[in-house]
Amino acid sequence: MTAPGGAATRPDLALASRDAGLRGWSPQRMWSVAGAVVLVALVWGFYAWDGAQTTAVLGGTVRAATLLVLGAMCGMIGERSGIVNIGIEGQFLMSAFTAFTVASMSGSLFLGVVAGVSTGLAMGWMLAAMSVGLRTDQIIAGTVLNIAALGLTSFFYDRGRSLGQPKYQSIELGPLADLPVVGTALFNRPPLTYLALVLVVVLHVLLLRSVWGMRTTAIGEHPGAAATVGIDVIRLRYWNVTLAGGLAGLGGAYLALESVGTFTRAMSGGRGFLALAVMIFGRRTPLGAYAAALFFGFTTALQGQFQLNDTFDIPAQFVGMLPFVVTIIVVAAAGLFGRMRDPAALGQPYEVR
Amino acid sequence: MTRLTKRLALVLAIVALLAAACTGSDDSDAFKIGLVTDTGKVDDKSFNQSAWEGAQEAAAALGAEADYIETEEAKDYENNINLFVEDGVNVIITVGFGLGDATIAAAKENPDIFFIGVDQFQAEALPNLAGLIFPEDQSGFLAGALAGMLTETNIVGAVLGTDLVPPVVAFKEGWEHGARYTNSAVETISTYHPGGLDVAFGDPDWGAATARQALDQGADIIFGAGGATGNGALIEIASQEGAYCVGVDTDQWNTVPEAQPCLVTSAMKLITPGVADLVAQAESGEFAGGNYLGEVGLAPFHDFDSIVTDDMRTTLDDVLAGLEAGEIDTGWPPG
């Protein structure tokens, strides 16, 4: 076989490049670094040109990315374990609802976050019970979560209720917040955004380096083989899907208590599904997903910006469409070159024989 | 096992559906009022809610029954109207520009039922259909005129629903022209939600993020106009010290208490009395088809009463007089 691209056509190397960043300088990594350098240069350029607008766009980018990456991390833990979770939208919505309600009743934002995360865990456990325990079709199980969340939150929503206090406010991280370009965008943020950033890094290390991460990958790729080396597949899938729900729960709390500051019906607005696209785009790694989430967030912020200053007469709808078009291109291209592959046992229920 | 699974899924789905569908009806000879919302919710704290309050007000005054159906998707407009037709109601209120065509069709088919279309301009008059319309441009102009006088950075912003809905565009044009009318140095920065009718009024997260972007580039007074999307913007502005926000449709001081730290006023459309008035006309048999021009105005300044100086009030009075006399160009309708 002739191999023009080298790595792409050889399955062993293709596999190796899936956790690139650990094994030296693959072509993919070189491209990533080159892309990052160009990006940084561009941002510096824009900042020099118009600081206020660049700060506004970067701030909007980080803000939109936070919710997306939390949802994407929830999705990727599930998918790496072999469970598709399309119920993230429902997990967001339900957690946003309980976070808001508890924070409003107790007067404590922190209790609200605890309630949101707990709700996410409960929803995750429900998904695990249906798709791992009862071996339901995973798409249907996720859909049940979405419909149930929309119905229940609409029914129990008390329209007169308000938070009764300001939402989470930005915290300046000392001198870091005064840095040019990224100061406001990264180091003058509300608390849950910082927490999400920490979680991205921690989960990245855990998923790609820890025993738990390896076992998770194993039960998603070949649960039968994993079972033969003594991994309790059912148990680990249960734990993973349930705990992953906590991340979506944090996302819901972020939405209600930090990003918006109230609850309205159906407020997740499809971001749970967008998180799945972010997860795929980010190759099911937390850092990758964060990069993808930043890109999605960037286009969101940009389309607002294009309207706010009338410099470019680009229709808002066109810029709003960009992340979706790019996702299709990336997924299609990655599929063509065989670089991106779903976990082999994704979506298949596992039965102990 | 699969059976159990299916049953579990079914039960959950039924619970969800029961929870989602919460309208009921009982039979009696009372005068009946039915209200169909646009894809926003009846408790959106602005537009749909004020129409529903009008229906409730009329029901209380007339001893009538009022009920509502929330539209989930634009394709259901016709079905939802027909549900009330089959239910035998006397008046059907459809809320929103988007329901215009479906309302006209239903009014033609059911000449015995009175229809009230909020925000629906009637090009040709039907005897049983009244379009309740408002000069949103004037309402926006008044609010913009105040904003032009209040801004210190000379940048005023607007976070809006969608330009697919003409009344929203009218608000925006009026707001921008008003700000420039009282402050020639002002820069106006405005944004519409990029989504379609199904999401543009129900996306508070986008509204909040976009309002933050406008604040980051120096806007110090921002108009949030677009259901829950606009409310998200108002709440975001409330967490910025020294920034003002302006609500829309109703006095949002009451409907969005979270926005009170910044809410100077609201560009109101008096939907509630307009709807109540039209329902009363239908009940008494004085109903006239065609267009019914509702009233607009600024909401009270509440906590900000002291920052609006006498000079500003005089200017606002002059602007109002000029608008009523038709001497001021609000930029709407265009051309």
# chains A, B, ... in the order shown; residues from 1 in each chain; ligands from 1
call {"tool": "interface_residues", "arguments": {"of": "chain A", "to": "chain B", "cutoff": "8 Å", "atoms": "only C-alpha atoms", "output": "count of residues only"}}
result
52
call {"tool": "select_by_dssp", "arguments": {"residues": "stretch 134-166 of chain B", "states": "strand (DSSP E or B)", "output": "number ranges by chain"}}
result
B: 155-160
call {"tool": "select_by_dssp", "arguments": {"residues": "stretch 2-135 of chain A", "states": "alpha helix (DSSP H)", "output": "PyMOL selection string"}}
result
chain A and resi 11-18+27-49+51-80+88-106+109-128
call {"tool": "write_last_selection", "arguments": {"atoms": "C-alpha atoms", "output": "JSON list (two decimals), in the first residue's frame"}}
result
[["chain", "number", "residue", "atom", "x", "y", "z"],
["A", 11, "PRO", "CA", -4.03, 2.07, 11.87],
["A", 12, "ASP", "CA", -1.40, 1.70, 14.56],
["A", 13, "LEU", "CA", -0.15, 5.24, 14.12],
["A", 14, "ALA", "CA", -3.67, 6.56, 13.69],
["A", 15, "LEU", "CA", -4.44, 5.06, 17.04],
["A", 16, "ALA", "CA", -1.31, 6.52, 18.52],
["A", 17, "SER", "CA", -2.18, 10.00, 17.29],
["A", 18, "ARG", "CA", -5.49, 9.83, 19.11],
["A", 27, "PRO", "CA", 2.00, 16.06, 12.23],
["A", 28, "GLN", "CA", -1.30, 16.76, 13.90],
["A", 29, "ARG", "CA", 0.41, 18.34, 16.86],
["A", 30, "MET", "CA", 2.56, 20.48, 14.63],
["A", 31, "TRP", "CA", -0.53, 21.76, 12.86],
["A", 32, "SER", "CA", -2.20, 22.49, 16.18],
["A", 33, "VAL", "CA", 0.77, 24.47, 17.42],
["A", 34, "ALA", "CA", 1.10, 26.35, 14.12],
["A", 35, "GLY", "CA", -2.61, 27.14, 14.25],
["A", 36, "ALA", "CA", -2.32, 28.37, 17.82],
["A", 37, "VAL", "CA", 0.61, 30.64, 16.92],
["A", 38, "VAL", "CA", -1.33, 32.19, 14.03],
["A", 39, "LEU", "CA", -4.36, 32.61, 16.27],
["A", 40, "VAL", "CA", -2.39, 34.35, 19.01],
["A", 41, "ALA", "CA", -0.81, 36.67, 16.44],
["A", 42, "LEU", "CA", -4.23, 37.53, 15.01],
["A", 43, "VAL", "CA", -5.69, 38.24, 18.44],
["A", 44, "TRP", "CA", -2.74, 40.50, 19.30],
["A", 45, "GLY", "CA", -3.27, 42.32, 16.04],
["A", 46, "PHE", "CA", -6.94, 42.92, 16.70],
["A", 47, "TYR", "CA", -6.18, 43.96, 20.26],
["A", 48, "ALA", "CA", -3.76, 46.59, 19.05],
["A", 49, "TRP", "CA", -6.37, 47.75, 16.54],
["A", 51, "GLY", "CA", -8.77, 46.86, 22.53],
["A", 52, "ALA", "CA", -12.33, 47.31, 23.78],
["A", 53, "GLN", "CA", -13.89, 45.27, 21.02],
["A", 54, "THR", "CA", -11.30, 42.53, 21.24],
["A", 55, "THR", "CA", -11.82, 42.28, 24.99],
["A", 56, "ALA", "CA", -15.57, 42.14, 24.44],
["A", 57, "VAL", "CA", -15.27, 39.32, 21.92],
["A", 58, "LEU", "CA", -12.78, 37.31, 24.00],
["A", 59, "GLY", "CA", -14.95, 37.69, 27.08],
["A", 60, "GLY", "CA", -18.00, 36.53, 25.14],
["A", 61, "THR", "CA", -15.98, 33.61, 23.80],
["A", 62, "VAL", "CA", -14.92, 32.30, 27.21],
["A", 63, "ARG", "CA", -18.39, 32.81, 28.54],
["A", 64, "ALA", "CA", -20.15, 30.80, 25.85],
["A", 65, "ALA", "CA", -17.41, 28.15, 25.89],
["A", 66, "THR", "CA", -17.79, 27.36, 29.60],
["A", 67, "LEU", "CA", -21.24, 25.81, 29.32],
["A", 68, "LEU", "CA", -20.34, 23.98, 26.12],
["A", 69, "VAL", "CA", -17.19, 22.40, 27.52],
["A", 70, "LEU", "CA", -18.99, 21.23, 30.67],
["A", 71, "GLY", "CA", -21.59, 19.52, 28.51],
["A", 72, "ALA", "CA", -18.92, 18.12, 26.19],
["A", 73, "MET", "CA", -16.98, 16.64, 29.12],
["A", 74, "CYS", "CA", -20.17, 15.00, 30.37],
["A", 75, "GLY", "CA", -20.71, 13.56, 26.90],
["A", 76, "MET", "CA", -17.15, 12.36, 26.42],
["A", 77, "ILE", "CA", -16.93, 10.41, 29.68],
["A", 78, "GLY", "CA", -20.10, 8.62, 28.62],
["A", 79, "GLU", "CA", -18.93, 7.99, 25.07],
["A", 80, "ARG", "CA", -15.47, 6.86, 26.13],
["A", 88, "ILE", "CA", -27.22, 16.61, 28.09],
["A", 89, "GLU", "CA", -29.77, 19.23, 27.04],
["A", 90, "GLY", "CA", -32.22, 17.80, 29.56],
["A", 91, "GLN", "CA", -29.52, 17.56, 32.24],
["A", 92, "PHE", "CA", -28.65, 21.23, 31.71],
["A", 93, "LEU", "CA", -32.26, 22.32, 31.89],
["A", 94, "MET", "CA", -33.23, 20.25, 34.92],
["A", 95, "SER", "CA", -30.10, 21.27, 36.84],
["A", 96, "ALA", "CA", -30.56, 24.91, 35.93],
["A", 97, "PHE", "CA", -34.07, 24.66, 37.31],
["A", 98, "THR", "CA", -33.15, 23.05, 40.63],
["A", 99, "ALA", "CA", -30.07, 25.26, 41.03],
["A", 100, "PHE", "CA", -32.20, 28.36, 40.53],
["A", 101, "THR", "CA", -35.05, 27.17, 42.73],
["A", 102, "VAL", "CA", -32.82, 26.07, 45.61],
["A", 103, "ALA", "CA", -30.68, 29.22, 45.41],
["A", 104, "SER", "CA", -33.82, 31.33, 45.38],
["A", 105, "MET", "CA", -35.43, 29.54, 48.33],
["A", 106, "SER", "CA", -32.30, 29.23, 50.47],
["A", 109, "LEU", "CA", -25.90, 30.51, 45.47],
["A", 110, "PHE", "CA", -23.58, 27.79, 46.74],
["A", 111, "LEU", "CA", -26.49, 25.59, 47.83],
["A", 112, "GLY", "CA", -27.95, 26.22, 44.39],
["A", 113, "VAL", "CA", -24.80, 24.88, 42.76],
["A", 114, "VAL", "CA", -24.88, 21.84, 45.05],
["A", 115, "ALA", "CA", -28.50, 21.23, 44.04],
["A", 116, "GLY", "CA", -27.64, 21.64, 40.36],
["A", 117, "VAL", "CA", -24.76, 19.18, 40.52],
["A", 118, "SER", "CA", -26.88, 16.70, 42.50],
["A", 119, "THR", "CA", -29.63, 16.93, 39.91],
["A", 120, "GLY", "CA", -27.07, 16.30, 37.17],
["A", 121, "LEU", "CA", -25.86, 13.23, 39.06],
["A", 122, "ALA", "CA", -29.42, 11.98, 39.47],
["A", 123, "MET", "CA", -30.15, 12.49, 35.77],
["A", 124, "GLY", "CA", -26.87, 10.73, 34.95],
["A", 125, "TRP", "CA", -27.88, 7.84, 37.16],
["A", 126, "MET", "CA", -31.25, 7.65, 35.37],
["A", 127, "LEU", "CA", -29.48, 7.50, 32.03],
["A", 128, "ALA", "CA", -27.17, 4.79, 33.38]]
call {"tool": "closest_residue", "arguments": {"among": "A:Leu257, A:Ala291, A:Leu176, A:Ile328", "to": "A:Gly107", "atoms": "only C-alpha atoms"}}
result
A:Leu257
call {"tool": "residues_around", "arguments": {"residues": "stretch 96-102 of chain B", "least_positions_apart": "2", "cutoff": "6 Å", "atoms": "only C-alpha atoms", "output": "mmCIF file with N, CA and C atoms, in the first residue's frame"}}
result
data_model
loop_
_atom_site.group_PDB
_atom_site.id
_atom_site.type_symbol
_atom_site.label_atom_id
_atom_site.label_comp_id
_atom_site.auth_asym_id
_atom_site.auth_seq_id
_atom_site.Cartn_x
_atom_site.Cartn_y
_atom_site.Cartn_z
ATOM 1 N N ASP B 38 -47.596 33.282 21.064
ATOM 2 C CA ASP B 38 -46.570 32.986 20.070
ATOM 3 C C ASP B 38 -45.614 31.999 20.729
ATOM 4 N N GLU B 78 -52.032 27.218 13.558
ATOM 5 C CA GLU B 78 -53.361 26.941 13.048
ATOM 6 C C GLU B 78 -54.083 25.944 13.958
ATOM 7 N N ILE B 104 -55.904 35.455 10.238
ATOM 8 C CA ILE B 104 -56.769 35.931 9.151
ATOM 9 C C ILE B 104 -57.552 34.758 8.558
ATOM 10 N N ALA B 105 -56.851 33.637 8.331
ATOM 11 C CA ALA B 105 -57.509 32.470 7.750
ATOM 12 C C ALA B 105 -58.631 31.976 8.667
ATOM 13 N N VAL B 118 -52.884 40.542 18.336
ATOM 14 C CA VAL B 118 -51.965 41.512 18.921
ATOM 15 C C VAL B 118 -50.737 41.637 18.024
ATOM 16 N N ASP B 119 -50.369 42.859 17.693
ATOM 17 C CA ASP B 119 -49.225 43.126 16.826
ATOM 18 C C ASP B 119 -49.441 42.664 15.391
ATOM 19 N N GLN B 120 -50.706 42.550 14.990
ATOM 20 C CA GLN B 120 -50.977 42.084 13.626
ATOM 21 C C GLN B 120 -51.666 43.200 12.839
#
call {"tool": "atom_distance", "arguments": {"atom1": "atom CA of A:Val181", "atom2": "atom CA of A:Ala293"}}
result
19.0 Å
call {"tool": "closest_residue", "arguments": {"among": "B:Leu316, B:Leu298, B:Leu197, B:Ala66", "to": "B:Gly247", "atoms": "only C-alpha atoms"}}
result
B:Leu298
call {"tool": "closest_residue", "arguments": {"among": "A:Val182, A:Leu207, A:Val202, A:Leu302", "to": "A:Arg284", "atoms": "only C-alpha atoms"}}
result
A:Leu207
call {"tool": "residues_around", "arguments": {"residues": "B:Val168", "least_positions_apart": "5", "cutoff": "9 Å", "atoms": "only C-alpha atoms", "output": "list in words"}}
result
Glu136, Asp137, Leu160, Gly161, Thr162, Asp163, Glu173, Ala225 and Gly226 of chain B
call {"tool": "atom_distance", "arguments": {"atom1": "atom CA of B:Phe223", "atom2": "atom CA of B:Leu142"}}
result
11.9 Å
call {"tool": "atom_distance", "arguments": {"atom1": "atom CA of B:Asn80", "atom2": "atom CA of B:Ala51"}}
result
16.5 Å
call {"tool": "closest_residue", "arguments": {"among": "A:Leu287, A:Leu346, A:Leu179, A:Ala248", "to": "A:His222", "atoms": "only C-alpha atoms"}}
result
A:Leu346
call {"tool": "residues_around", "arguments": {"residues": "A:Asp232", "least_positions_apart": "4", "cutoff": "10 Å", "atoms": "only C-alpha atoms", "output": "JSON, numbers by chain"}}
result
{"A": [215, 219, 223, 226, 227, 228, 236, 237, 352]}
call {"tool": "residues_around", "arguments": {"residues": "A:Pro190", "least_positions_apart": "3", "cutoff": "9 Å", "atoms": "only C-alpha atoms", "output": "list of chain:residue names"}}
result
A:Tyr168, A:Gln169, A:Ser170, A:Ile171, A:Glu172, A:Thr193, A:Tyr194, A:Glu258, A:Ser259
